Each structure stands twice: as C-alpha cells, then as structure tokens.
file input_39.cif (mmCIF, N, CA and C atoms)
data_structure
loop_
_atom_site.label_atom_id
_atom_site.label_comp_id
_atom_site.auth_asym_id
_atom_site.auth_seq_id
_atom_site.Cartn_x
_atom_site.Cartn_y
_atom_site.Cartn_z
N MET A 1 117.24 112.50 62.15
CA MET A 1 117.13 113.94 62.47
C MET A 1 118.45 114.40 63.08
N SER A 2 118.92 115.54 62.56
CA SER A 2 120.21 116.08 63.00
C SER A 2 120.03 117.54 63.40
N THR A 3 120.72 117.95 64.47
CA THR A 3 120.64 119.35 64.90
C THR A 3 122.05 119.88 65.13
N ALA A 4 122.33 121.05 64.64
CA ALA A 4 123.63 121.69 64.86
C ALA A 4 123.40 123.10 65.36
N THR A 5 124.26 123.56 66.28
CA THR A 5 124.12 124.93 66.78
C THR A 5 125.37 125.72 66.45
N TYR A 6 125.17 126.99 66.21
CA TYR A 6 126.24 127.92 65.86
C TYR A 6 125.98 129.22 66.62
N THR A 7 127.02 130.01 66.78
CA THR A 7 126.83 131.34 67.35
C THR A 7 127.12 132.36 66.25
N VAL A 8 126.13 133.23 66.04
CA VAL A 8 126.25 134.23 64.97
C VAL A 8 126.53 135.60 65.59
N LYS A 9 127.51 136.28 64.99
CA LYS A 9 127.89 137.62 65.47
C LYS A 9 127.24 138.70 64.61
N GLY A 10 126.88 139.80 65.24
CA GLY A 10 126.50 141.00 64.50
C GLY A 10 125.01 141.24 64.32
N MET A 11 124.17 140.30 64.77
CA MET A 11 122.72 140.54 64.64
C MET A 11 122.28 141.52 65.72
N THR A 12 121.53 142.54 65.30
CA THR A 12 121.13 143.57 66.27
C THR A 12 119.63 143.71 66.43
N CYS A 13 118.86 143.14 65.52
CA CYS A 13 117.41 143.34 65.61
C CYS A 13 116.67 142.20 64.92
N GLY A 14 115.36 142.27 65.00
CA GLY A 14 114.53 141.23 64.41
C GLY A 14 114.71 141.08 62.90
N HIS A 15 115.07 142.18 62.24
CA HIS A 15 115.30 142.09 60.80
C HIS A 15 116.53 141.24 60.52
N CYS A 16 117.54 141.39 61.36
CA CYS A 16 118.77 140.61 61.21
C CYS A 16 118.44 139.13 61.37
N VAL A 17 117.63 138.83 62.38
CA VAL A 17 117.22 137.45 62.64
C VAL A 17 116.50 136.88 61.41
N SER A 18 115.60 137.67 60.85
CA SER A 18 114.85 137.22 59.67
C SER A 18 115.77 136.94 58.50
N SER A 19 116.78 137.80 58.30
CA SER A 19 117.71 137.61 57.18
C SER A 19 118.47 136.31 57.33
N VAL A 20 118.96 136.06 58.54
CA VAL A 20 119.73 134.83 58.79
C VAL A 20 118.83 133.61 58.59
N LYS A 21 117.64 133.66 59.16
CA LYS A 21 116.71 132.52 59.02
C LYS A 21 116.42 132.22 57.56
N GLU A 22 116.17 133.27 56.80
CA GLU A 22 115.82 133.12 55.39
C GLU A 22 116.94 132.45 54.60
N GLU A 23 118.17 132.93 54.82
CA GLU A 23 119.29 132.37 54.07
C GLU A 23 119.59 130.94 54.48
N VAL A 24 119.59 130.68 55.79
CA VAL A 24 119.93 129.33 56.26
C VAL A 24 118.84 128.33 55.85
N ALA A 25 117.60 128.79 55.83
CA ALA A 25 116.50 127.91 55.43
C ALA A 25 116.66 127.44 53.98
N GLU A 26 117.41 128.19 53.18
CA GLU A 26 117.59 127.84 51.77
C GLU A 26 118.69 126.80 51.55
N VAL A 27 119.44 126.50 52.61
CA VAL A 27 120.51 125.49 52.48
C VAL A 27 119.86 124.12 52.25
N ALA A 28 120.35 123.39 51.28
CA ALA A 28 119.78 122.09 50.93
C ALA A 28 119.77 121.15 52.14
N GLY A 29 118.64 120.56 52.45
CA GLY A 29 118.54 119.59 53.53
C GLY A 29 118.06 120.17 54.84
N VAL A 30 118.09 121.50 54.96
CA VAL A 30 117.67 122.13 56.22
C VAL A 30 116.15 122.08 56.35
N THR A 31 115.69 121.61 57.52
CA THR A 31 114.25 121.49 57.73
C THR A 31 113.72 122.47 58.78
N SER A 32 114.62 123.00 59.63
CA SER A 32 114.19 123.99 60.62
C SER A 32 115.34 124.92 60.98
N VAL A 33 115.00 126.17 61.28
CA VAL A 33 116.01 127.16 61.67
C VAL A 33 115.45 127.97 62.83
N GLU A 34 116.20 128.02 63.92
CA GLU A 34 115.81 128.86 65.05
C GLU A 34 116.95 129.82 65.33
N VAL A 35 116.62 131.07 65.64
CA VAL A 35 117.65 132.06 65.97
C VAL A 35 117.24 132.79 67.23
N ASP A 36 118.17 132.88 68.19
CA ASP A 36 117.94 133.67 69.40
C ASP A 36 118.78 134.93 69.30
N LEU A 37 118.10 136.07 69.19
CA LEU A 37 118.80 137.34 68.98
C LEU A 37 119.72 137.68 70.15
N SER A 38 119.25 137.47 71.38
CA SER A 38 120.04 137.92 72.54
C SER A 38 121.34 137.15 72.71
N THR A 39 121.33 135.88 72.35
CA THR A 39 122.54 135.07 72.50
C THR A 39 123.27 134.86 71.18
N GLY A 40 122.59 135.10 70.07
CA GLY A 40 123.18 134.86 68.75
C GLY A 40 123.12 133.40 68.36
N LEU A 41 122.44 132.59 69.18
CA LEU A 41 122.41 131.16 68.92
C LEU A 41 121.52 130.80 67.72
N LEU A 42 122.15 130.07 66.81
CA LEU A 42 121.47 129.59 65.60
C LEU A 42 121.38 128.08 65.68
N THR A 43 120.16 127.55 65.63
CA THR A 43 119.97 126.11 65.70
C THR A 43 119.38 125.63 64.37
N VAL A 44 120.10 124.72 63.74
CA VAL A 44 119.73 124.25 62.41
C VAL A 44 119.36 122.77 62.47
N GLY A 45 118.15 122.46 62.05
CA GLY A 45 117.69 121.08 62.02
C GLY A 45 117.68 120.56 60.59
N SER A 46 117.97 119.28 60.45
CA SER A 46 117.97 118.66 59.11
C SER A 46 117.77 117.16 59.25
N GLU A 47 117.37 116.52 58.17
CA GLU A 47 117.16 115.07 58.21
C GLU A 47 118.49 114.35 58.40
N SER A 48 119.49 114.76 57.61
CA SER A 48 120.85 114.22 57.77
C SER A 48 121.78 115.41 57.95
N PRO A 49 122.96 115.22 58.55
CA PRO A 49 123.85 116.35 58.85
C PRO A 49 124.13 117.23 57.63
N VAL A 50 124.13 118.53 57.87
CA VAL A 50 124.40 119.51 56.82
C VAL A 50 125.85 119.99 57.00
N GLN A 51 126.54 120.26 55.91
CA GLN A 51 127.93 120.73 56.02
C GLN A 51 127.98 122.11 56.67
N ASP A 52 128.88 122.24 57.65
CA ASP A 52 129.05 123.53 58.31
C ASP A 52 129.32 124.64 57.30
N ALA A 53 130.14 124.31 56.31
CA ALA A 53 130.54 125.34 55.33
C ALA A 53 129.31 125.95 54.64
N ALA A 54 128.29 125.13 54.42
CA ALA A 54 127.08 125.63 53.76
C ALA A 54 126.33 126.59 54.68
N VAL A 55 126.33 126.28 55.98
CA VAL A 55 125.66 127.15 56.95
C VAL A 55 126.45 128.44 57.10
N PHE A 56 127.78 128.31 57.20
CA PHE A 56 128.64 129.51 57.30
C PHE A 56 128.38 130.42 56.10
N ALA A 57 128.32 129.85 54.91
CA ALA A 57 128.13 130.64 53.69
C ALA A 57 126.78 131.35 53.70
N ALA A 58 125.76 130.66 54.20
CA ALA A 58 124.42 131.25 54.24
C ALA A 58 124.38 132.42 55.22
N VAL A 59 125.04 132.25 56.36
CA VAL A 59 125.08 133.33 57.36
C VAL A 59 125.82 134.53 56.79
N GLU A 60 126.91 134.27 56.08
CA GLU A 60 127.67 135.36 55.45
C GLU A 60 126.86 136.03 54.35
N GLU A 61 126.11 135.23 53.61
CA GLU A 61 125.25 135.78 52.56
C GLU A 61 124.24 136.76 53.17
N ALA A 62 123.80 136.45 54.38
CA ALA A 62 122.85 137.33 55.07
C ALA A 62 123.54 138.58 55.61
N GLY A 63 124.88 138.55 55.67
CA GLY A 63 125.62 139.73 56.11
C GLY A 63 126.19 139.61 57.51
N TYR A 64 126.24 138.38 58.03
CA TYR A 64 126.74 138.16 59.40
C TYR A 64 127.84 137.12 59.39
N GLU A 65 128.29 136.75 60.58
CA GLU A 65 129.44 135.87 60.69
C GLU A 65 129.21 134.82 61.78
N VAL A 66 129.62 133.59 61.50
CA VAL A 66 129.54 132.56 62.53
C VAL A 66 130.78 132.70 63.41
N ALA A 67 130.57 132.94 64.70
CA ALA A 67 131.67 133.15 65.64
C ALA A 67 132.13 131.83 66.22
N ALA A 68 131.21 130.89 66.32
CA ALA A 68 131.56 129.60 66.92
C ALA A 68 130.60 128.53 66.45
N ARG A 69 131.09 127.30 66.45
CA ARG A 69 130.29 126.15 66.05
C ARG A 69 130.11 125.29 67.28
N MET B 1 109.69 173.54 47.72
CA MET B 1 110.42 172.42 48.33
C MET B 1 110.51 172.63 49.83
N SER B 2 110.17 171.58 50.56
CA SER B 2 110.15 171.65 52.03
C SER B 2 110.96 170.50 52.62
N THR B 3 111.69 170.77 53.69
CA THR B 3 112.47 169.72 54.33
C THR B 3 112.21 169.75 55.84
N ALA B 4 111.99 168.59 56.42
CA ALA B 4 111.79 168.50 57.86
C ALA B 4 112.70 167.41 58.41
N THR B 5 113.24 167.63 59.60
CA THR B 5 114.11 166.62 60.21
C THR B 5 113.51 166.14 61.52
N TYR B 6 113.75 164.87 61.79
CA TYR B 6 113.24 164.21 62.98
C TYR B 6 114.35 163.34 63.53
N THR B 7 114.26 163.00 64.80
CA THR B 7 115.20 162.03 65.36
C THR B 7 114.42 160.76 65.71
N VAL B 8 114.89 159.65 65.16
CA VAL B 8 114.20 158.37 65.34
C VAL B 8 114.98 157.52 66.34
N LYS B 9 114.25 156.95 67.29
CA LYS B 9 114.86 156.08 68.30
C LYS B 9 114.72 154.61 67.94
N GLY B 10 115.71 153.83 68.26
CA GLY B 10 115.56 152.37 68.19
C GLY B 10 116.13 151.68 66.98
N MET B 11 116.61 152.45 66.00
CA MET B 11 117.17 151.80 64.81
C MET B 11 118.57 151.27 65.16
N THR B 12 118.81 150.00 64.82
CA THR B 12 120.10 149.40 65.19
C THR B 12 120.92 148.95 63.99
N CYS B 13 120.32 148.86 62.82
CA CYS B 13 121.07 148.34 61.68
C CYS B 13 120.48 148.83 60.36
N GLY B 14 121.11 148.43 59.29
CA GLY B 14 120.66 148.86 57.97
C GLY B 14 119.25 148.42 57.62
N HIS B 15 118.83 147.28 58.20
CA HIS B 15 117.47 146.83 57.94
C HIS B 15 116.46 147.79 58.55
N CYS B 16 116.80 148.29 59.74
CA CYS B 16 115.92 149.25 60.43
C CYS B 16 115.80 150.51 59.57
N VAL B 17 116.94 150.96 59.06
CA VAL B 17 116.95 152.15 58.20
C VAL B 17 116.05 151.94 56.99
N SER B 18 116.18 150.77 56.37
CA SER B 18 115.35 150.46 55.19
C SER B 18 113.87 150.48 55.52
N SER B 19 113.51 149.92 56.67
CA SER B 19 112.10 149.87 57.07
C SER B 19 111.54 151.28 57.24
N VAL B 20 112.31 152.14 57.91
CA VAL B 20 111.85 153.50 58.14
C VAL B 20 111.73 154.24 56.80
N LYS B 21 112.74 154.11 55.97
CA LYS B 21 112.72 154.79 54.67
C LYS B 21 111.50 154.37 53.85
N GLU B 22 111.25 153.06 53.85
CA GLU B 22 110.15 152.52 53.07
C GLU B 22 108.80 153.08 53.51
N GLU B 23 108.59 153.09 54.83
CA GLU B 23 107.29 153.57 55.34
C GLU B 23 107.13 155.07 55.14
N VAL B 24 108.19 155.83 55.41
CA VAL B 24 108.08 157.29 55.30
C VAL B 24 107.91 157.70 53.83
N ALA B 25 108.55 156.94 52.94
CA ALA B 25 108.44 157.25 51.51
C ALA B 25 107.01 157.10 51.01
N GLU B 26 106.21 156.31 51.73
CA GLU B 26 104.81 156.09 51.32
C GLU B 26 103.86 157.20 51.77
N VAL B 27 104.37 158.12 52.61
CA VAL B 27 103.52 159.22 53.07
C VAL B 27 103.24 160.14 51.88
N ALA B 28 101.98 160.50 51.70
CA ALA B 28 101.58 161.34 50.56
C ALA B 28 102.35 162.65 50.54
N GLY B 29 102.93 162.97 49.40
CA GLY B 29 103.64 164.24 49.24
C GLY B 29 105.15 164.14 49.45
N VAL B 30 105.61 163.06 50.07
CA VAL B 30 107.04 162.92 50.35
C VAL B 30 107.79 162.60 49.06
N THR B 31 108.86 163.34 48.82
CA THR B 31 109.63 163.15 47.59
C THR B 31 111.03 162.58 47.85
N SER B 32 111.52 162.73 49.10
CA SER B 32 112.83 162.16 49.44
C SER B 32 112.90 161.83 50.92
N VAL B 33 113.64 160.78 51.24
CA VAL B 33 113.82 160.36 52.64
C VAL B 33 115.28 159.98 52.84
N GLU B 34 115.91 160.61 53.81
CA GLU B 34 117.28 160.23 54.17
C GLU B 34 117.28 159.82 55.63
N VAL B 35 118.04 158.77 55.95
CA VAL B 35 118.15 158.34 57.35
C VAL B 35 119.62 158.10 57.67
N ASP B 36 120.06 158.67 58.79
CA ASP B 36 121.42 158.42 59.27
C ASP B 36 121.31 157.52 60.50
N LEU B 37 121.84 156.30 60.34
CA LEU B 37 121.70 155.31 61.41
C LEU B 37 122.40 155.74 62.69
N SER B 38 123.60 156.29 62.59
CA SER B 38 124.39 156.60 63.78
C SER B 38 123.76 157.69 64.64
N THR B 39 123.11 158.66 63.99
CA THR B 39 122.50 159.75 64.74
C THR B 39 120.99 159.58 64.89
N GLY B 40 120.40 158.72 64.07
CA GLY B 40 118.94 158.55 64.09
C GLY B 40 118.22 159.64 63.31
N LEU B 41 119.00 160.51 62.65
CA LEU B 41 118.41 161.64 61.94
C LEU B 41 117.65 161.20 60.69
N LEU B 42 116.38 161.63 60.64
CA LEU B 42 115.51 161.35 59.50
C LEU B 42 115.20 162.67 58.82
N THR B 43 115.54 162.78 57.55
CA THR B 43 115.29 164.01 56.79
C THR B 43 114.27 163.72 55.70
N VAL B 44 113.16 164.45 55.76
CA VAL B 44 112.05 164.19 54.85
C VAL B 44 111.87 165.39 53.92
N GLY B 45 111.95 165.15 52.64
CA GLY B 45 111.73 166.21 51.66
C GLY B 45 110.37 166.07 51.00
N SER B 46 109.76 167.21 50.67
CA SER B 46 108.45 167.19 50.03
C SER B 46 108.25 168.50 49.27
N GLU B 47 107.31 168.51 48.34
CA GLU B 47 107.03 169.73 47.58
C GLU B 47 106.44 170.79 48.48
N SER B 48 105.44 170.37 49.27
CA SER B 48 104.86 171.28 50.26
C SER B 48 104.93 170.57 51.62
N PRO B 49 104.89 171.32 52.73
CA PRO B 49 105.08 170.71 54.05
C PRO B 49 104.15 169.52 54.30
N VAL B 50 104.71 168.49 54.91
CA VAL B 50 103.96 167.27 55.25
C VAL B 50 103.62 167.33 56.74
N GLN B 51 102.46 166.86 57.12
CA GLN B 51 102.07 166.87 58.53
C GLN B 51 102.99 165.95 59.34
N ASP B 52 103.48 166.48 60.47
CA ASP B 52 104.33 165.69 61.35
C ASP B 52 103.65 164.38 61.74
N ALA B 53 102.35 164.46 62.02
CA ALA B 53 101.62 163.28 62.48
C ALA B 53 101.73 162.13 61.48
N ALA B 54 101.75 162.47 60.20
CA ALA B 54 101.84 161.43 59.16
C ALA B 54 103.22 160.78 59.18
N VAL B 55 104.24 161.58 59.44
CA VAL B 55 105.61 161.04 59.52
C VAL B 55 105.76 160.20 60.78
N PHE B 56 105.23 160.71 61.90
CA PHE B 56 105.28 159.95 63.16
C PHE B 56 104.63 158.58 62.96
N ALA B 57 103.46 158.59 62.33
CA ALA B 57 102.71 157.35 62.12
C ALA B 57 103.49 156.37 61.26
N ALA B 58 104.17 156.89 60.24
CA ALA B 58 104.95 156.03 59.34
C ALA B 58 106.12 155.40 60.09
N VAL B 59 106.77 156.20 60.92
CA VAL B 59 107.91 155.69 61.70
C VAL B 59 107.43 154.60 62.66
N GLU B 60 106.28 154.84 63.28
CA GLU B 60 105.71 153.84 64.19
C GLU B 60 105.31 152.58 63.44
N GLU B 61 104.77 152.77 62.28
CA GLU B 61 104.39 151.63 61.43
C GLU B 61 105.60 150.75 61.15
N ALA B 62 106.75 151.39 61.01
CA ALA B 62 108.00 150.65 60.76
C ALA B 62 108.51 149.98 62.03
N GLY B 63 107.96 150.38 63.18
CA GLY B 63 108.36 149.75 64.44
C GLY B 63 109.29 150.60 65.29
N TYR B 64 109.39 151.89 64.97
CA TYR B 64 110.28 152.78 65.72
C TYR B 64 109.52 153.98 66.23
N GLU B 65 110.24 154.93 66.83
CA GLU B 65 109.59 156.05 67.48
C GLU B 65 110.34 157.33 67.17
N VAL B 66 109.59 158.40 66.93
CA VAL B 66 110.24 159.71 66.76
C VAL B 66 110.49 160.28 68.14
N ALA B 67 111.77 160.55 68.44
CA ALA B 67 112.15 161.05 69.75
C ALA B 67 112.09 162.57 69.78
N ALA B 68 112.32 163.18 68.63
CA ALA B 68 112.32 164.65 68.58
C ALA B 68 112.04 165.12 67.17
N ARG B 69 111.48 166.34 67.08
CA ARG B 69 111.16 166.95 65.79
C ARG B 69 112.08 168.16 65.65
#

call {"tool": "encode", "arguments": {"input": "input_39.cif", "output": "structure tokens"}}
result
Amino acid sequence: MSTATYTVKGMTCGHCVSSVKEEVAEVAGVTSVEVDLSTGLLTVGSESPVQDAAVFAAVEEAGYEVAAR
Amino acid sequence: MSTATYTVKGMTCGHCVSSVKEEVAEVAGVTSVEVDLSTGLLTVGSESPVQDAAVFAAVEEAGYEVAAR
C-alpha cells in the first residue's frame, strides 16, 4: 500500500473537489482519493506507487494545478 | 417574452454556474438562463413571466441562494 500527498491550487467548492476526485480516481492503480477543500490537500492511495506525472495530468484534466508534491 | 434578473449568492466557480443554470433551466416556462459568476447576476428568460418562488427554489436546489430580485 502506497500513499502520496499533493497540494492542489484553484479548487473553490465541492464541485471542484468532485472533479479532481473523479479524474484522479481514473489513474491506473489508484485505489483511494481524498481531497480537503480548505487546504487543497490531495491524498492518493494505491497498491504500488503511482507516477506523479499521471496524478499531475489528472489534476490538470480536471482544470486545476498541483502546487506542491 | 419576459426577462427577470436575480442576484445569486455563493457561486465560486464555473461548476457552480453550471449547477444553477441546469436547475433554473428546468423551471416550467423558462426558455433561457444566463449567469455571470463575477456579479452573481442570473437572467431568466421566458415566454410569459415565471413565478419568482420557482426560480428561488431552483437556485436553492442547486445549493445557492437568491440574495436579491
């Protein structure tokens, strides 16, 4: 089990959170996604480590940006 | 043709705008819905006047509030 955290910029409401969760959940290997709107914290769980680039791309696909890993 | 404007509170992003548009568009008689995120201005077009209460209810259904009519 592997967990990685990222900080996402630009989320303003629950819809934003849902968009990010939906896209990141589609990344191959991801088994859980948690997002905290107030802090922008994105926590991604997976069986084996997932490439950061794939998570970054998913967040961008949702319309947001990873500010920090 | 009738047009009514309202000010909606609480919308923070494009998803919020979409939610409001979607719900208000479902009100019987409504033919057009415009929402300006920066001002909160909601403009509702219809063939004949639509009851304010129906628009208020639709905005609330979307999770927001009409601050002014």

call {"tool": "closest_atom_pairs", "arguments": {"input": "input_39.cif", "of": "chain B", "to": "chain A", "cutoff": "7 Å", "atoms": "all atoms listed in the file", "output": "CSV"}}
result
residue,atom,partner,partner_atom,distance
B:Thr12,CA,A:Thr12,C,5.8
B:Cys13,N,A:Thr12,C,6.3
B:His15,CA,A:His15,CA,5.9
B:Cys16,N,A:His15,CA,6.5

call {"tool": "resolve_selection", "arguments": {"input": "input_39.cif", "expression": "the PyMOL selection byres (((chain A and resi 22 and name CA) around 12) and name CA)", "output": "PDB file with N, CA and C atoms, in the frame of the given file"}}
result
ATOM      1  N   HIS A  15     115.070 142.180  62.240  1.00  0.00           N
ATOM      2  CA  HIS A  15     115.300 142.090  60.800  1.00  0.00           C
ATOM      3  C   HIS A  15     116.530 141.240  60.520  1.00  0.00           C
ATOM      4  N   CYS A  16     117.540 141.390  61.360  1.00  0.00           N
ATOM      5  CA  CYS A  16     118.770 140.610  61.210  1.00  0.00           C
ATOM      6  C   CYS A  16     118.440 139.130  61.370  1.00  0.00           C
ATOM      7  N   VAL A  17     117.630 138.830  62.380  1.00  0.00           N
ATOM      8  CA  VAL A  17     117.220 137.450  62.640  1.00  0.00           C
ATOM      9  C   VAL A  17     116.500 136.880  61.410  1.00  0.00           C
ATOM     10  N   SER A  18     115.600 137.670  60.850  1.00  0.00           N
ATOM     11  CA  SER A  18     114.850 137.220  59.670  1.00  0.00           C
ATOM     12  C   SER A  18     115.770 136.940  58.500  1.00  0.00           C
ATOM     13  N   SER A  19     116.780 137.800  58.300  1.00  0.00           N
ATOM     14  CA  SER A  19     117.710 137.610  57.180  1.00  0.00           C
ATOM     15  C   SER A  19     118.470 136.310  57.330  1.00  0.00           C
ATOM     16  N   VAL A  20     118.960 136.060  58.540  1.00  0.00           N
ATOM     17  CA  VAL A  20     119.730 134.830  58.790  1.00  0.00           C
ATOM     18  C   VAL A  20     118.830 133.610  58.590  1.00  0.00           C
ATOM     19  N   LYS A  21     117.640 133.660  59.160  1.00  0.00           N
ATOM     20  CA  LYS A  21     116.710 132.520  59.020  1.00  0.00           C
ATOM     21  C   LYS A  21     116.420 132.220  57.560  1.00  0.00           C
ATOM     22  N   GLU A  23     118.170 132.930  54.820  1.00  0.00           N
ATOM     23  CA  GLU A  23     119.290 132.370  54.070  1.00  0.00           C
ATOM     24  C   GLU A  23     119.590 130.940  54.480  1.00  0.00           C
ATOM     25  N   VAL A  24     119.590 130.680  55.790  1.00  0.00           N
ATOM     26  CA  VAL A  24     119.930 129.330  56.260  1.00  0.00           C
ATOM     27  C   VAL A  24     118.840 128.330  55.850  1.00  0.00           C
ATOM     28  N   ALA A  25     117.600 128.790  55.830  1.00  0.00           N
ATOM     29  CA  ALA A  25     116.500 127.910  55.430  1.00  0.00           C
ATOM     30  C   ALA A  25     116.660 127.440  53.980  1.00  0.00           C
ATOM     31  N   GLU A  26     117.410 128.190  53.180  1.00  0.00           N
ATOM     32  CA  GLU A  26     117.590 127.840  51.770  1.00  0.00           C
ATOM     33  C   GLU A  26     118.690 126.800  51.550  1.00  0.00           C
ATOM     34  N   VAL A  27     119.440 126.500  52.610  1.00  0.00           N
ATOM     35  CA  VAL A  27     120.510 125.490  52.480  1.00  0.00           C
ATOM     36  C   VAL A  27     119.860 124.120  52.250  1.00  0.00           C
ATOM     37  N   VAL A  30     118.090 121.500  54.960  1.00  0.00           N
ATOM     38  CA  VAL A  30     117.670 122.130  56.220  1.00  0.00           C
ATOM     39  C   VAL A  30     116.150 122.080  56.350  1.00  0.00           C
ATOM     40  N   THR A  31     115.690 121.610  57.520  1.00  0.00           N
ATOM     41  CA  THR A  31     114.250 121.490  57.730  1.00  0.00           C
ATOM     42  C   THR A  31     113.720 122.470  58.780  1.00  0.00           C
ATOM     43  N   SER A  32     114.620 123.000  59.630  1.00  0.00           N
ATOM     44  CA  SER A  32     114.190 123.990  60.620  1.00  0.00           C
ATOM     45  C   SER A  32     115.340 124.920  60.980  1.00  0.00           C
ATOM     46  N   VAL A  33     115.000 126.170  61.280  1.00  0.00           N
ATOM     47  CA  VAL A  33     116.010 127.160  61.670  1.00  0.00           C
ATOM     48  C   VAL A  33     115.450 127.970  62.830  1.00  0.00           C
ATOM     49  N   GLU A  34     116.200 128.020  63.920  1.00  0.00           N
ATOM     50  CA  GLU A  34     115.810 128.860  65.050  1.00  0.00           C
ATOM     51  C   GLU A  34     116.950 129.820  65.330  1.00  0.00           C
ATOM     52  N   VAL A  35     116.620 131.070  65.640  1.00  0.00           N
ATOM     53  CA  VAL A  35     117.650 132.060  65.970  1.00  0.00           C
ATOM     54  C   VAL A  35     117.240 132.790  67.230  1.00  0.00           C
ATOM     55  N   VAL A  44     120.100 124.720  63.740  1.00  0.00           N
ATOM     56  CA  VAL A  44     119.730 124.250  62.410  1.00  0.00           C
ATOM     57  C   VAL A  44     119.360 122.770  62.470  1.00  0.00           C
ATOM     58  N   VAL A  55     126.330 126.280  55.980  1.00  0.00           N
ATOM     59  CA  VAL A  55     125.660 127.150  56.950  1.00  0.00           C
ATOM     60  C   VAL A  55     126.450 128.440  57.100  1.00  0.00           C
ATOM     61  N   ALA A  58     125.760 130.660  54.200  1.00  0.00           N
ATOM     62  CA  ALA A  58     124.420 131.250  54.240  1.00  0.00           C
ATOM     63  C   ALA A  58     124.380 132.420  55.220  1.00  0.00           C
ATOM     64  N   VAL A  59     125.040 132.250  56.360  1.00  0.00           N
ATOM     65  CA  VAL A  59     125.080 133.330  57.360  1.00  0.00           C
ATOM     66  C   VAL A  59     125.820 134.530  56.790  1.00  0.00           C
ATOM     67  N   GLU A  61     126.110 135.230  53.610  1.00  0.00           N
ATOM     68  CA  GLU A  61     125.250 135.780  52.560  1.00  0.00           C
ATOM     69  C   GLU A  61     124.240 136.760  53.170  1.00  0.00           C
ATOM     70  N   ALA A  62     123.800 136.450  54.380  1.00  0.00           N
ATOM     71  CA  ALA A  62     122.850 137.330  55.070  1.00  0.00           C
ATOM     72  C   ALA A  62     123.540 138.580  55.610  1.00  0.00           C
ATOM     73  N   GLY A  63     124.880 138.550  55.670  1.00  0.00           N
ATOM     74  CA  GLY A  63     125.620 139.730  56.110  1.00  0.00           C
ATOM     75  C   GLY A  63     126.190 139.610  57.510  1.00  0.00           C
TER      76      GLY A  63
END

call {"tool": "closest_residue", "arguments": {"input": "input_39.cif", "among": "A:Val66, A:Thr43, A:Asp36, A:Ala57", "to": "Lys9 in chain A", "atoms": "only C-alpha atoms"}}
result
A:Val66

call {"tool": "select_by_dssp", "arguments": {"input": "input_39.cif", "residues": "chain A", "states": "strand (DSSP E)", "output": "PyMOL selection string"}}
result
chain A and resi 2-9+30-36+41-46+65-68

call {"tool": "closest_residue", "arguments": {"input": "input_39.cif", "among": "A:Gly29, A:Val8, A:Thr39, A:Ser48", "to": "Glu60 in chain A", "atoms": "only C-alpha atoms"}}
result
A:Val8

call {"tool": "residues_near_point", "arguments": {"input": "input_39.cif", "point": "(110.2, 168.8, 60.7)", "cutoff": "7 Å", "atoms": "all atoms listed in the file", "output": "list in words"}}
result
Thr3, Ala4, Thr5, Tyr6, Asp52 and Arg69 of chain B

call {"tool": "select_by_dssp", "arguments": {"input": "input_39.cif", "residues": "chain B", "states": "alpha helix (DSSP H)", "output": "list in words"}}
result
Gly14, His15, Cys16, Val17, Ser18, Ser19, Val20, Lys21, Glu22, Glu23, Val24, Ala25, Asp52, Ala53, Ala54, Val55, Phe56, Ala57, Ala58, Val59, Glu60, Glu61 and Ala62 of chain B

call {"tool": "write_last_selection", "arguments": {"input": "input_39.cif", "atoms": "N, CA and C atoms", "output": "tab-separated table (two decimals), in the coordinates of the input"}}
result
chain	number	residue	atom	x	y	z
B	14	GLY	N	121.11	148.43	59.29
B	14	GLY	CA	120.66	148.86	57.97
B	14	GLY	C	119.25	148.42	57.62
B	15	HIS	N	118.83	147.28	58.20
B	15	HIS	CA	117.47	146.83	57.94
B	15	HIS	C	116.46	147.79	58.55
B	16	CYS	N	116.80	148.29	59.74
B	16	CYS	CA	115.92	149.25	60.43
B	16	CYS	C	115.80	150.51	59.57
B	17	VAL	N	116.94	150.96	59.06
B	17	VAL	CA	116.95	152.15	58.20
B	17	VAL	C	116.05	151.94	56.99
B	18	SER	N	116.18	150.77	56.37
B	18	SER	CA	115.35	150.46	55.19
B	18	SER	C	113.87	150.48	55.52
B	19	SER	N	113.51	149.92	56.67
B	19	SER	CA	112.10	149.87	57.07
B	19	SER	C	111.54	151.28	57.24
B	20	VAL	N	112.31	152.14	57.91
B	20	VAL	CA	111.85	153.50	58.14
B	20	VAL	C	111.73	154.24	56.80
B	21	LYS	N	112.74	154.11	55.97
B	21	LYS	CA	112.72	154.79	54.67
B	21	LYS	C	111.50	154.37	53.85
B	22	GLU	N	111.25	153.06	53.85
B	22	GLU	CA	110.15	152.52	53.07
B	22	GLU	C	108.80	153.08	53.51
B	23	GLU	N	108.59	153.09	54.83
B	23	GLU	CA	107.29	153.57	55.34
B	23	GLU	C	107.13	155.07	55.14
B	24	VAL	N	108.19	155.83	55.41
B	24	VAL	CA	108.08	157.29	55.30
B	24	VAL	C	107.91	157.70	53.83
B	25	ALA	N	108.55	156.94	52.94
B	25	ALA	CA	108.44	157.25	51.51
B	25	ALA	C	107.01	157.10	51.01
B	52	ASP	N	103.48	166.48	60.47
B	52	ASP	CA	104.33	165.69	61.35
B	52	ASP	C	103.65	164.38	61.74
B	53	ALA	N	102.35	164.46	62.02
B	53	ALA	CA	101.62	163.28	62.48
B	53	ALA	C	101.73	162.13	61.48
B	54	ALA	N	101.75	162.47	60.20
B	54	ALA	CA	101.84	161.43	59.16
B	54	ALA	C	103.22	160.78	59.18
B	55	VAL	N	104.24	161.58	59.44
B	55	VAL	CA	105.61	161.04	59.52
B	55	VAL	C	105.76	160.20	60.78
B	56	PHE	N	105.23	160.71	61.90
B	56	PHE	CA	105.28	159.95	63.16
B	56	PHE	C	104.63	158.58	62.96
B	57	ALA	N	103.46	158.59	62.33
B	57	ALA	CA	102.71	157.35	62.12
B	57	ALA	C	103.49	156.37	61.26
B	58	ALA	N	104.17	156.89	60.24
B	58	ALA	CA	104.95	156.03	59.34
B	58	ALA	C	106.12	155.40	60.09
B	59	VAL	N	106.77	156.20	60.92
B	59	VAL	CA	107.91	155.69	61.70
B	59	VAL	C	107.43	154.60	62.66
B	60	GLU	N	106.28	154.84	63.28
B	60	GLU	CA	105.71	153.84	64.19
B	60	GLU	C	105.31	152.58	63.44
B	61	GLU	N	104.77	152.77	62.28
B	61	GLU	CA	104.39	151.63	61.43
B	61	GLU	C	105.60	150.75	61.15
B	62	ALA	N	106.75	151.39	61.01
B	62	ALA	CA	108.00	150.65	60.76
B	62	ALA	C	108.51	149.98	62.03

call {"tool": "atom_distance", "arguments": {"input": "input_39.cif", "atom1": "atom C of Thr7 in chain A", "atom2": "atom C of Gly40 in chain B"}}
result
28.8 Å

call {"tool": "atom_distance", "arguments": {"input": "input_39.cif", "atom1": "atom N of Ala53 in chain B", "atom2": "atom N of Leu41 in chain B"}}
result
17.1 Å
